[in-house]
>>> print(open('upload30.cif').read())   # mmCIF, C-alpha atoms
data_protein
loop_
_atom_site.group_PDB
_atom_site.id
_atom_site.type_symbol
_atom_site.label_atom_id
_atom_site.label_comp_id
_atom_site.auth_asym_id
_atom_site.auth_seq_id
_atom_site.Cartn_x
_atom_site.Cartn_y
_atom_site.Cartn_z
ATOM 1 C CA MET C 16 174.667 225.217 -94.395
ATOM 2 C CA ILE C 17 175.195 225.270 -90.635
ATOM 3 C CA ILE C 18 178.584 224.288 -89.234
ATOM 4 C CA LYS C 19 178.094 222.949 -85.715
ATOM 5 C CA ARG C 20 180.203 224.018 -82.742
ATOM 6 C CA GLN C 21 181.627 221.442 -80.323
ATOM 7 C CA ARG C 22 178.934 222.241 -77.766
ATOM 8 C CA ASP C 23 176.273 221.642 -80.400
ATOM 9 C CA LEU C 24 177.893 218.381 -81.445
ATOM 10 C CA GLU C 25 177.872 217.040 -77.900
ATOM 11 C CA ALA C 26 174.137 217.688 -77.748
ATOM 12 C CA MET C 27 173.655 216.048 -81.142
ATOM 13 C CA ARG C 28 175.585 212.973 -80.058
ATOM 14 C CA GLN C 29 173.156 212.599 -77.179
ATOM 15 C CA SER C 30 170.005 213.159 -79.233
ATOM 16 C CA GLY C 31 171.335 210.786 -81.877
ATOM 17 C CA ALA C 32 172.124 208.113 -79.310
ATOM 18 C CA ILE C 33 168.637 208.323 -77.827
ATOM 19 C CA ALA C 34 167.064 208.141 -81.288
ATOM 20 C CA SER C 35 169.175 205.063 -82.026
ATOM 21 C CA ARG C 36 168.258 203.372 -78.761
ATOM 22 C CA VAL C 37 164.556 204.035 -79.302
ATOM 23 C CA LEU C 38 164.724 202.773 -82.891
ATOM 24 C CA ASN C 39 166.338 199.518 -81.789
ATOM 25 C CA GLU C 40 163.830 199.050 -78.970
ATOM 26 C CA VAL C 41 160.902 199.676 -81.315
ATOM 27 C CA ALA C 42 162.372 197.229 -83.849
ATOM 28 C CA GLY C 43 162.481 194.629 -81.063
ATOM 29 C CA PHE C 44 158.831 195.332 -80.235
ATOM 30 C CA ILE C 45 157.710 194.453 -83.787
ATOM 31 C CA GLN C 46 155.972 191.086 -84.047
ATOM 32 C CA PRO C 47 152.958 189.579 -85.798
ATOM 33 C CA GLY C 48 149.668 190.684 -84.266
ATOM 34 C CA VAL C 49 150.620 194.126 -82.987
ATOM 35 C CA THR C 50 149.023 197.189 -84.526
ATOM 36 C CA THR C 51 150.935 200.142 -85.880
ATOM 37 C CA LYS C 52 149.199 202.261 -83.208
ATOM 38 C CA GLN C 53 150.671 200.020 -80.528
ATOM 39 C CA VAL C 54 154.091 200.421 -82.134
ATOM 40 C CA ASP C 55 153.716 204.204 -82.129
ATOM 41 C CA ASP C 56 152.548 204.246 -78.507
ATOM 42 C CA PHE C 57 155.515 202.113 -77.480
ATOM 43 C CA GLY C 58 157.928 204.389 -79.342
ATOM 44 C CA ALA C 59 156.396 207.495 -77.750
ATOM 45 C CA GLU C 60 156.816 205.977 -74.281
ATOM 46 C CA ARG C 61 160.471 205.101 -74.923
ATOM 47 C CA ILE C 62 161.228 208.619 -76.193
ATOM 48 C CA ARG C 63 159.695 210.068 -73.025
ATOM 49 C CA HIS C 64 161.628 207.570 -70.898
ATOM 50 C CA TYR C 65 164.913 209.018 -72.156
ATOM 51 C CA GLY C 66 163.788 212.595 -71.618
ATOM 52 C CA GLY C 67 163.272 213.416 -75.286
ATOM 53 C CA LYS C 68 160.426 214.549 -77.509
ATOM 54 C CA SER C 69 159.351 213.235 -80.876
ATOM 55 C CA ALA C 70 160.705 215.402 -83.685
ATOM 56 C CA PHE C 71 157.793 214.285 -85.872
ATOM 57 C CA PHE C 72 154.705 214.745 -83.707
ATOM 58 C CA GLY C 73 153.025 218.016 -84.706
ATOM 59 C CA TYR C 74 155.412 218.616 -87.611
ATOM 60 C CA LYS C 75 153.842 220.622 -90.427
ATOM 61 C CA LYS C 76 154.824 220.702 -94.084
ATOM 62 C CA ASN C 77 153.650 223.605 -96.188
ATOM 63 C CA SER C 78 149.925 224.101 -95.467
ATOM 64 C CA SER C 79 149.192 220.517 -94.448
ATOM 65 C CA SER C 80 147.805 219.420 -91.110
ATOM 66 C CA ALA C 81 150.265 218.538 -88.340
ATOM 67 C CA TYR C 82 151.785 215.052 -88.369
ATOM 68 C CA PRO C 83 149.677 213.091 -85.855
ATOM 69 C CA CYS C 84 152.119 210.325 -84.856
ATOM 70 C CA HIS C 85 155.368 210.042 -82.896
ATOM 71 C CA LEU C 86 157.091 207.705 -85.370
ATOM 72 C CA CYS C 87 156.827 207.129 -89.106
ATOM 73 C CA ILE C 88 155.711 203.521 -89.613
ATOM 74 C CA SER C 89 155.589 202.432 -93.261
ATOM 75 C CA VAL C 90 154.538 198.885 -94.198
ATOM 76 C CA ASN C 91 155.441 196.949 -97.365
ATOM 77 C CA GLU C 92 154.719 199.243 -100.353
ATOM 78 C CA GLN C 93 154.626 202.307 -98.096
ATOM 79 C CA VAL C 94 157.848 204.247 -98.657
ATOM 80 C CA VAL C 95 157.886 206.923 -95.934
ATOM 81 C CA HIS C 96 155.663 208.891 -93.530
ATOM 82 C CA GLY C 97 153.233 206.056 -92.865
ATOM 83 C CA LEU C 98 150.641 206.853 -90.193
ATOM 84 C CA ALA C 99 150.017 204.645 -87.171
ATOM 85 C CA GLY C 100 146.537 203.184 -86.793
ATOM 86 C CA PRO C 101 144.585 199.946 -86.392
ATOM 87 C CA ARG C 102 146.525 198.016 -89.063
ATOM 88 C CA VAL C 103 147.682 194.664 -87.674
ATOM 89 C CA LEU C 104 151.181 193.604 -88.691
ATOM 90 C CA GLN C 105 151.313 190.200 -90.350
ATOM 91 C CA PHE C 106 154.089 187.622 -90.555
ATOM 92 C CA GLY C 107 156.116 188.403 -93.693
ATOM 93 C CA ASP C 108 155.458 192.157 -93.713
ATOM 94 C CA ILE C 109 158.404 194.509 -93.763
ATOM 95 C CA VAL C 110 158.136 197.709 -91.721
ATOM 96 C CA SER C 111 160.177 200.880 -92.157
ATOM 97 C CA LEU C 112 160.583 202.625 -88.793
ATOM 98 C CA ASP C 113 161.717 206.257 -88.754
ATOM 99 C CA VAL C 114 162.540 207.773 -85.350
ATOM 100 C CA GLY C 115 163.404 211.425 -84.764
ATOM 101 C CA VAL C 116 164.160 212.680 -81.247
ATOM 102 C CA ILE C 117 164.619 216.193 -79.867
ATOM 103 C CA TYR C 118 166.927 216.294 -76.851
ATOM 104 C CA HIS C 119 168.375 219.510 -75.402
ATOM 105 C CA GLY C 120 167.243 221.378 -78.506
ATOM 106 C CA PHE C 121 168.911 219.149 -81.113
ATOM 107 C CA ILE C 122 167.542 216.390 -83.315
ATOM 108 C CA GLY C 123 168.731 212.845 -83.903
ATOM 109 C CA ASP C 124 167.131 211.178 -86.929
ATOM 110 C CA ASN C 125 167.441 207.523 -87.961
ATOM 111 C CA ALA C 126 165.511 204.742 -89.648
ATOM 112 C CA LYS C 127 165.622 201.058 -90.458
ATOM 113 C CA THR C 128 163.404 198.467 -92.116
ATOM 114 C CA VAL C 129 162.665 195.205 -90.312
ATOM 115 C CA ALA C 130 160.784 192.022 -91.078
ATOM 116 C CA VAL C 131 157.738 190.975 -89.065
ATOM 117 C CA GLY C 132 158.693 187.489 -87.880
ATOM 118 C CA GLY C 133 160.364 186.678 -91.199
ATOM 119 C CA CYS C 134 160.103 187.588 -94.857
ATOM 120 C CA GLY C 135 160.654 186.422 -98.404
ATOM 121 C CA ILE C 136 163.931 186.357 -100.310
ATOM 122 C CA LEU C 137 163.153 189.524 -102.307
ATOM 123 C CA ALA C 138 162.229 191.501 -99.206
ATOM 124 C CA GLN C 139 165.391 190.409 -97.407
ATOM 125 C CA LYS C 140 167.574 191.317 -100.380
ATOM 126 C CA LEU C 141 165.867 194.696 -100.630
ATOM 127 C CA MET C 142 166.565 195.438 -96.973
ATOM 128 C CA ASP C 143 170.167 194.246 -97.220
ATOM 129 C CA ILE C 144 170.909 196.322 -100.322
ATOM 130 C CA THR C 145 169.271 199.445 -98.876
ATOM 131 C CA GLU C 146 171.243 199.193 -95.637
ATOM 132 C CA LYS C 147 174.499 198.593 -97.512
ATOM 133 C CA ALA C 148 173.717 201.556 -99.777
ATOM 134 C CA LEU C 149 173.425 203.735 -96.670
ATOM 135 C CA TYR C 150 176.954 202.814 -95.626
ATOM 136 C CA GLU C 151 178.232 203.295 -99.165
ATOM 137 C CA GLY C 152 176.885 206.832 -98.945
ATOM 138 C CA ILE C 153 178.291 207.441 -95.463
ATOM 139 C CA SER C 154 181.756 206.398 -96.663
ATOM 140 C CA GLN C 155 181.729 209.401 -99.010
ATOM 141 C CA ALA C 156 180.838 211.952 -96.303
ATOM 142 C CA LEU C 157 184.379 213.324 -96.302
ATOM 143 C CA PRO C 158 185.704 216.905 -96.250
ATOM 144 C CA GLY C 159 186.634 217.907 -99.765
ATOM 145 C CA ASN C 160 183.969 215.715 -101.316
ATOM 146 C CA ARG C 161 180.621 217.063 -102.445
ATOM 147 C CA VAL C 162 177.092 215.931 -101.688
ATOM 148 C CA VAL C 163 176.959 214.367 -105.146
ATOM 149 C CA ASP C 164 179.646 211.882 -104.100
ATOM 150 C CA ILE C 165 177.256 210.525 -101.473
ATOM 151 C CA SER C 166 174.416 210.505 -104.007
ATOM 152 C CA ARG C 167 176.450 208.678 -106.641
ATOM 153 C CA ALA C 168 177.658 206.009 -104.245
ATOM 154 C CA ILE C 169 174.098 205.221 -103.144
ATOM 155 C CA GLN C 170 172.595 205.251 -106.629
ATOM 156 C CA ASP C 171 175.355 203.141 -108.171
ATOM 157 C CA TYR C 172 175.080 200.492 -105.474
ATOM 158 C CA VAL C 173 171.275 200.312 -105.524
ATOM 159 C CA GLU C 174 170.872 200.248 -109.289
ATOM 160 C CA GLY C 175 173.835 197.897 -109.681
ATOM 161 C CA ASN C 176 171.865 195.405 -107.598
ATOM 162 C CA GLY C 177 168.660 195.706 -109.621
ATOM 163 C CA PHE C 178 166.613 198.045 -107.434
ATOM 164 C CA SER C 179 165.570 201.686 -107.849
ATOM 165 C CA VAL C 180 166.043 204.868 -105.844
ATOM 166 C CA VAL C 181 163.130 207.141 -104.913
ATOM 167 C CA ARG C 182 163.552 210.639 -106.410
ATOM 168 C CA GLU C 183 160.859 212.650 -104.652
ATOM 169 C CA PHE C 184 162.310 212.383 -101.137
ATOM 170 C CA VAL C 185 165.913 212.954 -100.120
ATOM 171 C CA GLY C 186 168.251 213.233 -97.152
ATOM 172 C CA HIS C 187 168.959 216.587 -95.536
ATOM 173 C CA GLY C 188 170.971 218.606 -93.094
ATOM 174 C CA VAL C 189 169.768 218.249 -89.524
ATOM 175 C CA GLY C 190 170.458 220.030 -86.224
ATOM 176 C CA ARG C 191 168.170 222.338 -84.306
ATOM 177 C CA SER C 192 165.734 221.944 -87.216
ATOM 178 C CA MET C 193 164.579 218.721 -88.812
ATOM 179 C CA HIS C 194 165.370 219.930 -92.308
ATOM 180 C CA GLU C 195 168.416 222.123 -92.851
ATOM 181 C CA GLU C 196 170.583 222.646 -95.891
ATOM 182 C CA PRO C 197 171.954 220.867 -97.780
ATOM 183 C CA GLN C 198 169.575 218.434 -99.400
ATOM 184 C CA VAL C 199 171.227 215.022 -99.810
ATOM 185 C CA PRO C 200 169.668 213.183 -102.771
ATOM 186 C CA ASN C 201 170.130 209.444 -103.204
ATOM 187 C CA PHE C 202 170.672 209.973 -106.927
ATOM 188 C CA VAL C 203 172.819 212.246 -109.078
ATOM 189 C CA GLU C 204 171.120 215.513 -110.008
ATOM 190 C CA ASN C 205 172.073 217.774 -112.876
ATOM 191 C CA LYS C 206 172.765 220.799 -110.720
ATOM 192 C CA LYS C 207 175.615 222.198 -108.670
ATOM 193 C CA SER C 208 176.397 220.104 -105.615
ATOM 194 C CA PRO C 209 177.537 221.792 -102.385
ATOM 195 C CA PRO C 210 180.886 220.867 -100.802
ATOM 196 C CA LEU C 211 181.101 218.870 -97.601
ATOM 197 C CA LYS C 212 182.852 220.611 -94.698
ATOM 198 C CA ALA C 213 183.868 219.456 -91.236
ATOM 199 C CA GLY C 214 181.153 220.302 -88.718
ATOM 200 C CA MET C 215 178.235 219.624 -91.057
ATOM 201 C CA THR C 216 175.607 217.187 -89.776
ATOM 202 C CA ILE C 217 173.476 215.424 -92.378
ATOM 203 C CA ALA C 218 170.812 212.740 -92.445
ATOM 204 C CA ILE C 219 171.684 210.239 -95.158
ATOM 205 C CA GLU C 220 168.654 208.079 -95.953
ATOM 206 C CA PRO C 221 168.278 205.914 -99.042
ATOM 207 C CA MET C 222 164.690 204.982 -99.871
ATOM 208 C CA VAL C 223 164.769 202.041 -102.261
ATOM 209 C CA ASN C 224 162.011 200.303 -104.220
ATOM 210 C CA ALA C 225 162.011 196.717 -105.398
ATOM 211 C CA GLY C 226 160.232 197.848 -108.578
ATOM 212 C CA LEU C 227 160.145 201.173 -110.372
ATOM 213 C CA PRO C 228 161.176 204.403 -108.612
ATOM 214 C CA GLY C 229 157.824 206.196 -108.917
ATOM 215 C CA VAL C 230 155.802 207.034 -105.793
ATOM 216 C CA LYS C 231 152.462 208.636 -104.977
ATOM 217 C CA MET C 232 150.799 210.236 -101.942
ATOM 218 C CA LEU C 233 147.744 208.672 -100.321
ATOM 219 C CA ASN C 234 144.664 210.703 -99.430
ATOM 220 C CA ASP C 235 145.850 211.143 -95.834
ATOM 221 C CA ASP C 236 148.347 213.679 -97.284
ATOM 222 C CA TRP C 237 151.264 211.944 -95.537
ATOM 223 C CA THR C 238 151.718 208.305 -96.490
ATOM 224 C CA VAL C 239 153.878 207.806 -99.588
ATOM 225 C CA VAL C 240 153.611 204.491 -101.472
ATOM 226 C CA THR C 241 155.209 202.959 -104.546
ATOM 227 C CA GLN C 242 153.228 203.590 -107.709
ATOM 228 C CA ASP C 243 153.556 199.978 -108.846
ATOM 229 C CA GLY C 244 152.800 198.419 -105.463
ATOM 230 C CA SER C 245 156.306 197.010 -105.065
ATOM 231 C CA LEU C 246 158.048 196.738 -101.713
ATOM 232 C CA SER C 247 160.125 199.609 -100.382
ATOM 233 C CA ALA C 248 162.856 199.888 -97.722
ATOM 234 C CA HIS C 249 164.373 202.847 -95.844
ATOM 235 C CA PHE C 250 167.554 203.135 -93.769
ATOM 236 C CA GLU C 251 168.967 206.327 -92.239
ATOM 237 C CA HIS C 252 171.715 207.677 -89.983
ATOM 238 C CA THR C 253 172.591 211.161 -88.804
ATOM 239 C CA VAL C 254 176.231 211.697 -89.774
ATOM 240 C CA LEU C 255 178.859 214.260 -88.795
ATOM 241 C CA VAL C 256 181.434 215.286 -91.380
ATOM 242 C CA THR C 257 184.782 215.502 -89.586
ATOM 243 C CA GLU C 258 188.345 216.354 -90.651
ATOM 244 C CA ALA C 259 188.846 212.621 -91.126
ATOM 245 C CA GLU C 260 186.344 209.737 -91.238
ATOM 246 C CA PRO C 261 182.601 210.445 -90.904
ATOM 247 C CA GLU C 262 181.079 209.941 -87.454
ATOM 248 C CA ILE C 263 177.680 208.286 -87.129
ATOM 249 C CA LEU C 264 175.823 210.290 -84.481
ATOM 250 C CA THR C 265 172.853 207.916 -84.258
ATOM 251 C CA CYS C 266 174.951 205.462 -82.295
ATOM 252 C CA PRO C 267 173.888 204.022 -78.915
ATOM 253 C CA GLU C 268 177.451 204.207 -77.548
ATOM 254 C CA GLN C 269 176.948 207.996 -77.290
ATOM 255 C CA MET C 270 174.046 207.602 -74.812
ATOM 256 C CA PRO C 271 174.357 209.950 -71.816
ATOM 257 C CA SER C 272 175.568 207.864 -68.857
ATOM 258 C CA LYS C 273 172.615 208.775 -66.646
ATOM 259 C CA LEU C 274 170.234 207.345 -69.264
ATOM 260 C CA LYS C 275 172.028 204.116 -70.158
ATOM 261 C CA VAL C 276 170.021 201.806 -67.912
ATOM 262 C CA SER C 277 166.690 201.000 -69.541
ATOM 263 C CA SER C 278 163.705 200.118 -67.358
#
>>> encode(input="upload30.cif", output="structure tokens")
Amino acid sequence: MIIKRQRDLEAMRQSGAIASRVLNEVAGFIQPGVTTKQVDDFGAERIRHYGGKSAFFGYKKNSSSAYPCHLCISVNEQVVHGLAGPRVLQFGDIVSLDVGVIYHGFIGDNAKTVAVGGCGILAQKLMDITEKALYEGISQALPGNRVVDISRAIQDYVEGNGFSVVREFVGHGVGRSMHEEPQVPNFVENKKSPPLKAGMTIAIEPMVNAGLPGVKMLNDDWTVVTQDGSLSAHFEHTVLVTEAEPEILTCPEQMPSKLKVSS
């Protein structure tokens, strides 16, 4: 587990702020009739505008091919890592947008799920519960706690509201690399949980299904969907463990002053 120095944290505040700004701008771009490719192109342009690079484009996992998109765009039953393409977004869809930005060598990583024009009651509840679960987890990112305290808070809130937590994908440490130690599950595991220490930076990201927790990979070797076809939502922040309350690094207020004016 990497404890960040103050100089590193200043860089992470900036990368996190840019990632947050881009995520909010992309969410505002979503409307019925646009394609996921158009969404990805727009996100790529906004990342470049702020002087960053996509943390996802060209990313490789194991022996797979490189990730071909700048954002992860996952629609309805797609859980994470959805690929941009010709799919046209329809009124009532929900879209999980995951934005990772490299700026001055450090990564800011955040995600949210939004409705396309509007959505049904179940979809809205799913999004609300997933977002609230994220903040339940963040509230436990305290020195002296362990990762399992974050996991338990998320799982208890999600399952207490009738939804299920994805097991195959988890949160993670983040910094110069996209995936650092420790892993941050959204459920309680039966293994030793590492302690949280001031200076740790972690991506907390509940992925929540309206139905059962099972998922499967599509043939593109990236897109993950619910096994039962139920809706899924995803919210994420990059969080700094401090000596006191946790600090959310993916926060637009941390935007470097020279970049604050958007064109």
>>> residues_around(input="upload30.cif", residues="range 238-244 of chain C", least_positions_apart="5", cutoff="10 Å", atoms="all atoms listed in the file", output="count of residues only")
26
>>> atom_distance(input="upload30.cif", atom1="CA of Glu220 in chain C", atom2="CA of Ile17 in chain C")
19.1 Å
>>> closest_residue(input="upload30.cif", among="C:Asp164, C:Glu260, C:Glu195, C:Asp236", to="Pro210 in chain C", atoms="only C-alpha atoms")
C:Asp164
>>> residues_around(input="upload30.cif", residues="Lys75 in chain C", least_positions_apart="5", cutoff="12 Å", atoms="all atoms listed in the file", output="PyMOL selection string")
chain C and resi 70+80-84+193-194+236-237
>>> closest_atom_pairs(input="upload30.cif", of="range 124-238 of chain C", to="range 104-108 of chain C", cutoff="6 Å", atoms="all atoms listed in the file", output="Markdown table")
| residue | atom | partner | partner_atom | distance |
| --- | --- | --- | --- | --- |
| C:Ala130 | CA | C:Asp108 | CA | 5.9 |
| C:Val131 | CA | C:Phe106 | CA | 5.2 |
| C:Gly132 | CA | C:Phe106 | CA | 5.3 |
| C:Gly133 | CA | C:Gly107 | CA | 5.2 |
| C:Cys134 | CA | C:Gly107 | CA | 4.2 |
>>> resolve_selection(input="upload30.cif", expression="the PyMOL selection byres ((chain C and resi 253-256) around 6)", output="PyMOL selection string")
chain C and resi 124+156+213-218+252+257+261-265
>>> write_last_selection(input="upload30.cif", atoms="C-alpha atoms", output="PDB file, in the frame of the given file")
ATOM      1  CA  ASP C 124     167.131 211.178 -86.929  1.00  0.00           C
ATOM      2  CA  ALA C 156     180.838 211.952 -96.303  1.00  0.00           C
ATOM      3  CA  ALA C 213     183.868 219.456 -91.236  1.00  0.00           C
ATOM      4  CA  GLY C 214     181.153 220.302 -88.718  1.00  0.00           C
ATOM      5  CA  MET C 215     178.235 219.624 -91.057  1.00  0.00           C
ATOM      6  CA  THR C 216     175.607 217.187 -89.776  1.00  0.00           C
ATOM      7  CA  ILE C 217     173.476 215.424 -92.378  1.00  0.00           C
ATOM      8  CA  ALA C 218     170.812 212.740 -92.445  1.00  0.00           C
ATOM      9  CA  HIS C 252     171.715 207.677 -89.983  1.00  0.00           C
ATOM     10  CA  THR C 257     184.782 215.502 -89.586  1.00  0.00           C
ATOM     11  CA  PRO C 261     182.601 210.445 -90.904  1.00  0.00           C
ATOM     12  CA  GLU C 262     181.079 209.941 -87.454  1.00  0.00           C
ATOM     13  CA  ILE C 263     177.680 208.286 -87.129  1.00  0.00           C
ATOM     14  CA  LEU C 264     175.823 210.290 -84.481  1.00  0.00           C
ATOM     15  CA  THR C 265     172.853 207.916 -84.258  1.00  0.00           C
TER      16      THR C 265
END
>>> residues_around(input="upload30.cif", residues="Gly152 in chain C", least_positions_apart="5", cutoff="12 Å", atoms="only C-alpha atoms", output="PDB file with C-alpha atoms, keeping the file's coordinate frame")
ATOM      1  CA  THR C 145     169.271 199.445 -98.876  1.00  0.00           C
ATOM      2  CA  GLU C 146     171.243 199.193 -95.637  1.00  0.00           C
ATOM      3  CA  LYS C 147     174.499 198.593 -97.512  1.00  0.00           C
ATOM      4  CA  LEU C 157     184.379 213.324 -96.302  1.00  0.00           C
ATOM      5  CA  ASN C 160     183.969 215.715-101.316  1.00  0.00           C
ATOM      6  CA  ARG C 161     180.621 217.063-102.445  1.00  0.00           C
ATOM      7  CA  VAL C 162     177.092 215.931-101.688  1.00  0.00           C
ATOM      8  CA  VAL C 163     176.959 214.367-105.146  1.00  0.00           C
ATOM      9  CA  ASP C 164     179.646 211.882-104.100  1.00  0.00           C
ATOM     10  CA  ILE C 165     177.256 210.525-101.473  1.00  0.00           C
ATOM     11  CA  SER C 166     174.416 210.505-104.007  1.00  0.00           C
ATOM     12  CA  ARG C 167     176.450 208.678-106.641  1.00  0.00           C
ATOM     13  CA  ALA C 168     177.658 206.009-104.245  1.00  0.00           C
ATOM     14  CA  ILE C 169     174.098 205.221-103.144  1.00  0.00           C
ATOM     15  CA  GLN C 170     172.595 205.251-106.629  1.00  0.00           C
ATOM     16  CA  ASP C 171     175.355 203.141-108.171  1.00  0.00           C
ATOM     17  CA  TYR C 172     175.080 200.492-105.474  1.00  0.00           C
ATOM     18  CA  VAL C 173     171.275 200.312-105.524  1.00  0.00           C
ATOM     19  CA  GLY C 186     168.251 213.233 -97.152  1.00  0.00           C
ATOM     20  CA  VAL C 199     171.227 215.022 -99.810  1.00  0.00           C
ATOM     21  CA  PRO C 200     169.668 213.183-102.771  1.00  0.00           C
ATOM     22  CA  ASN C 201     170.130 209.444-103.204  1.00  0.00           C
ATOM     23  CA  PHE C 202     170.672 209.973-106.927  1.00  0.00           C
ATOM     24  CA  ILE C 217     173.476 215.424 -92.378  1.00  0.00           C
ATOM     25  CA  ALA C 218     170.812 212.740 -92.445  1.00  0.00           C
ATOM     26  CA  ILE C 219     171.684 210.239 -95.158  1.00  0.00           C
ATOM     27  CA  GLU C 220     168.654 208.079 -95.953  1.00  0.00           C
ATOM     28  CA  PRO C 221     168.278 205.914 -99.042  1.00  0.00           C
ATOM     29  CA  PHE C 250     167.554 203.135 -93.769  1.00  0.00           C
ATOM     30  CA  GLU C 251     168.967 206.327 -92.239  1.00  0.00           C
ATOM     31  CA  HIS C 252     171.715 207.677 -89.983  1.00  0.00           C
ATOM     32  CA  THR C 253     172.591 211.161 -88.804  1.00  0.00           C
ATOM     33  CA  VAL C 254     176.231 211.697 -89.774  1.00  0.00           C
ATOM     34  CA  PRO C 261     182.601 210.445 -90.904  1.00  0.00           C
ATOM     35  CA  ILE C 263     177.680 208.286 -87.129  1.00  0.00           C
TER      36      ILE C 263
END
>>> atom_distance(input="upload30.cif", atom1="CA of Gly100 in chain C", atom2="CA of Thr50 in chain C")
6.9 Å
>>> atom_distance(input="upload30.cif", atom1="CA of Asn39 in chain C", atom2="CA of Lys127 in chain C")
8.8 Å
>>> closest_residue(input="upload30.cif", among="C:Asp235, C:Gly120, C:Gly159, C:Val185", to="Glu258 in chain C", atoms="all atoms listed in the file")
C:Gly159
>>> resolve_selection(input="upload30.cif", expression="the PyMOL selection byres ((chain C and resi 33) around 8)", output="list in words")
Gln29, Ser30, Gly31, Ala32, Ala34, Ser35, Arg36, Val37, Ile62, Tyr65, Gly67, Val116, Gly123, Thr265, Pro267 and Met270 of chain C
>>> write_last_selection(input="upload30.cif", atoms="C-alpha atoms", output="tab-separated table (two decimals), in the frame of the given file")
chain	number	residue	atom	x	y	z
C	29	GLN	CA	173.16	212.60	-77.18
C	30	SER	CA	170.00	213.16	-79.23
C	31	GLY	CA	171.34	210.79	-81.88
C	32	ALA	CA	172.12	208.11	-79.31
C	34	ALA	CA	167.06	208.14	-81.29
C	35	SER	CA	169.18	205.06	-82.03
C	36	ARG	CA	168.26	203.37	-78.76
C	37	VAL	CA	164.56	204.04	-79.30
C	62	ILE	CA	161.23	208.62	-76.19
C	65	TYR	CA	164.91	209.02	-72.16
C	67	GLY	CA	163.27	213.42	-75.29
C	116	VAL	CA	164.16	212.68	-81.25
C	123	GLY	CA	168.73	212.84	-83.90
C	265	THR	CA	172.85	207.92	-84.26
C	267	PRO	CA	173.89	204.02	-78.92
C	270	MET	CA	174.05	207.60	-74.81
>>> resolve_selection(input="upload30.cif", expression="the PyMOL selection byres ((chain C and resi 23) around 10)", output="list in words")
Ile18, Lys19, Arg20, Gln21, Arg22, Leu24, Glu25, Ala26, Met27, Arg28, His119, Gly120, Phe121, Gly190, Arg191 and Gly214 of chain C
>>> axis_aligned_box(input="upload30.cif", around="range 196-201 of chain C", padding_each_side="4 Å", output="JSON")
{"center_x": 170.8, "center_y": 216.0, "center_z": -99.5, "size_x": 10.4, "size_y": 21.2, "size_z": 15.3}
>>> closest_residue(input="upload30.cif", among="C:Leu246, C:Met16, C:Val103, C:Ala126", to="Leu38 in chain C", atoms="only C-alpha atoms")
C:Ala126
>>> residues_around(input="upload30.cif", residues="Phe57 in chain C", least_positions_apart="3", cutoff="10 Å", atoms="all atoms listed in the file", output="list in words")
Val37, Glu40, Val41, Phe44, Thr51, Lys52, Gln53, Val54, Glu60, Arg61, Ile62, His85 and Leu86 of chain C
>>> decode(input="upload30.cif", residues="range 46-57 of chain C", atoms="N, CA and C atoms", output="mmCIF file, in the first residue's frame")
data_model
loop_
_atom_site.group_PDB
_atom_site.id
_atom_site.type_symbol
_atom_site.label_atom_id
_atom_site.label_comp_id
_atom_site.auth_asym_id
_atom_site.auth_seq_id
_atom_site.Cartn_x
_atom_site.Cartn_y
_atom_site.Cartn_z
ATOM 1 N N GLN C 46 -28.165 12.505 -23.830
ATOM 2 C CA GLN C 46 -29.552 12.770 -24.188
ATOM 3 C C GLN C 46 -30.008 11.709 -25.184
ATOM 4 N N PRO C 47 -31.317 11.527 -25.322
ATOM 5 C CA PRO C 47 -31.804 10.567 -26.308
ATOM 6 C C PRO C 47 -31.322 10.907 -27.703
ATOM 7 N N GLY C 48 -30.889 9.883 -28.444
ATOM 8 C CA GLY C 48 -30.479 10.072 -29.828
ATOM 9 C C GLY C 48 -28.992 10.124 -30.057
ATOM 10 N N VAL C 49 -28.192 10.333 -29.008
ATOM 11 C CA VAL C 49 -26.746 10.331 -29.206
ATOM 12 C C VAL C 49 -26.240 8.891 -29.125
ATOM 13 N N THR C 50 -25.151 8.624 -29.796
ATOM 14 C CA THR C 50 -24.556 7.295 -29.739
ATOM 15 C C THR C 50 -23.503 7.247 -28.641
ATOM 16 N N THR C 51 -23.191 6.055 -28.197
ATOM 17 C CA THR C 51 -22.140 5.930 -27.188
ATOM 18 C C THR C 51 -20.786 6.342 -27.757
ATOM 19 N N LYS C 52 -20.583 6.201 -29.065
ATOM 20 C CA LYS C 52 -19.348 6.686 -29.693
ATOM 21 C C LYS C 52 -19.262 8.210 -29.608
ATOM 22 N N GLN C 53 -20.372 8.881 -29.815
ATOM 23 C CA GLN C 53 -20.377 10.335 -29.682
ATOM 24 C C GLN C 53 -20.073 10.753 -28.243
ATOM 25 N N VAL C 54 -20.597 10.008 -27.292
ATOM 26 C CA VAL C 54 -20.315 10.294 -25.882
ATOM 27 C C VAL C 54 -18.822 10.131 -25.604
ATOM 28 N N ASP C 55 -18.241 9.058 -26.119
ATOM 29 C CA ASP C 55 -16.815 8.809 -25.896
ATOM 30 C C ASP C 55 -15.964 9.893 -26.560
ATOM 31 N N ASP C 56 -16.332 10.281 -27.767
ATOM 32 C CA ASP C 56 -15.581 11.329 -28.467
ATOM 33 C C ASP C 56 -15.652 12.644 -27.696
ATOM 34 N N PHE C 57 -16.819 12.963 -27.173
ATOM 35 C CA PHE C 57 -16.982 14.189 -26.402
ATOM 36 C C PHE C 57 -16.122 14.130 -25.136
#
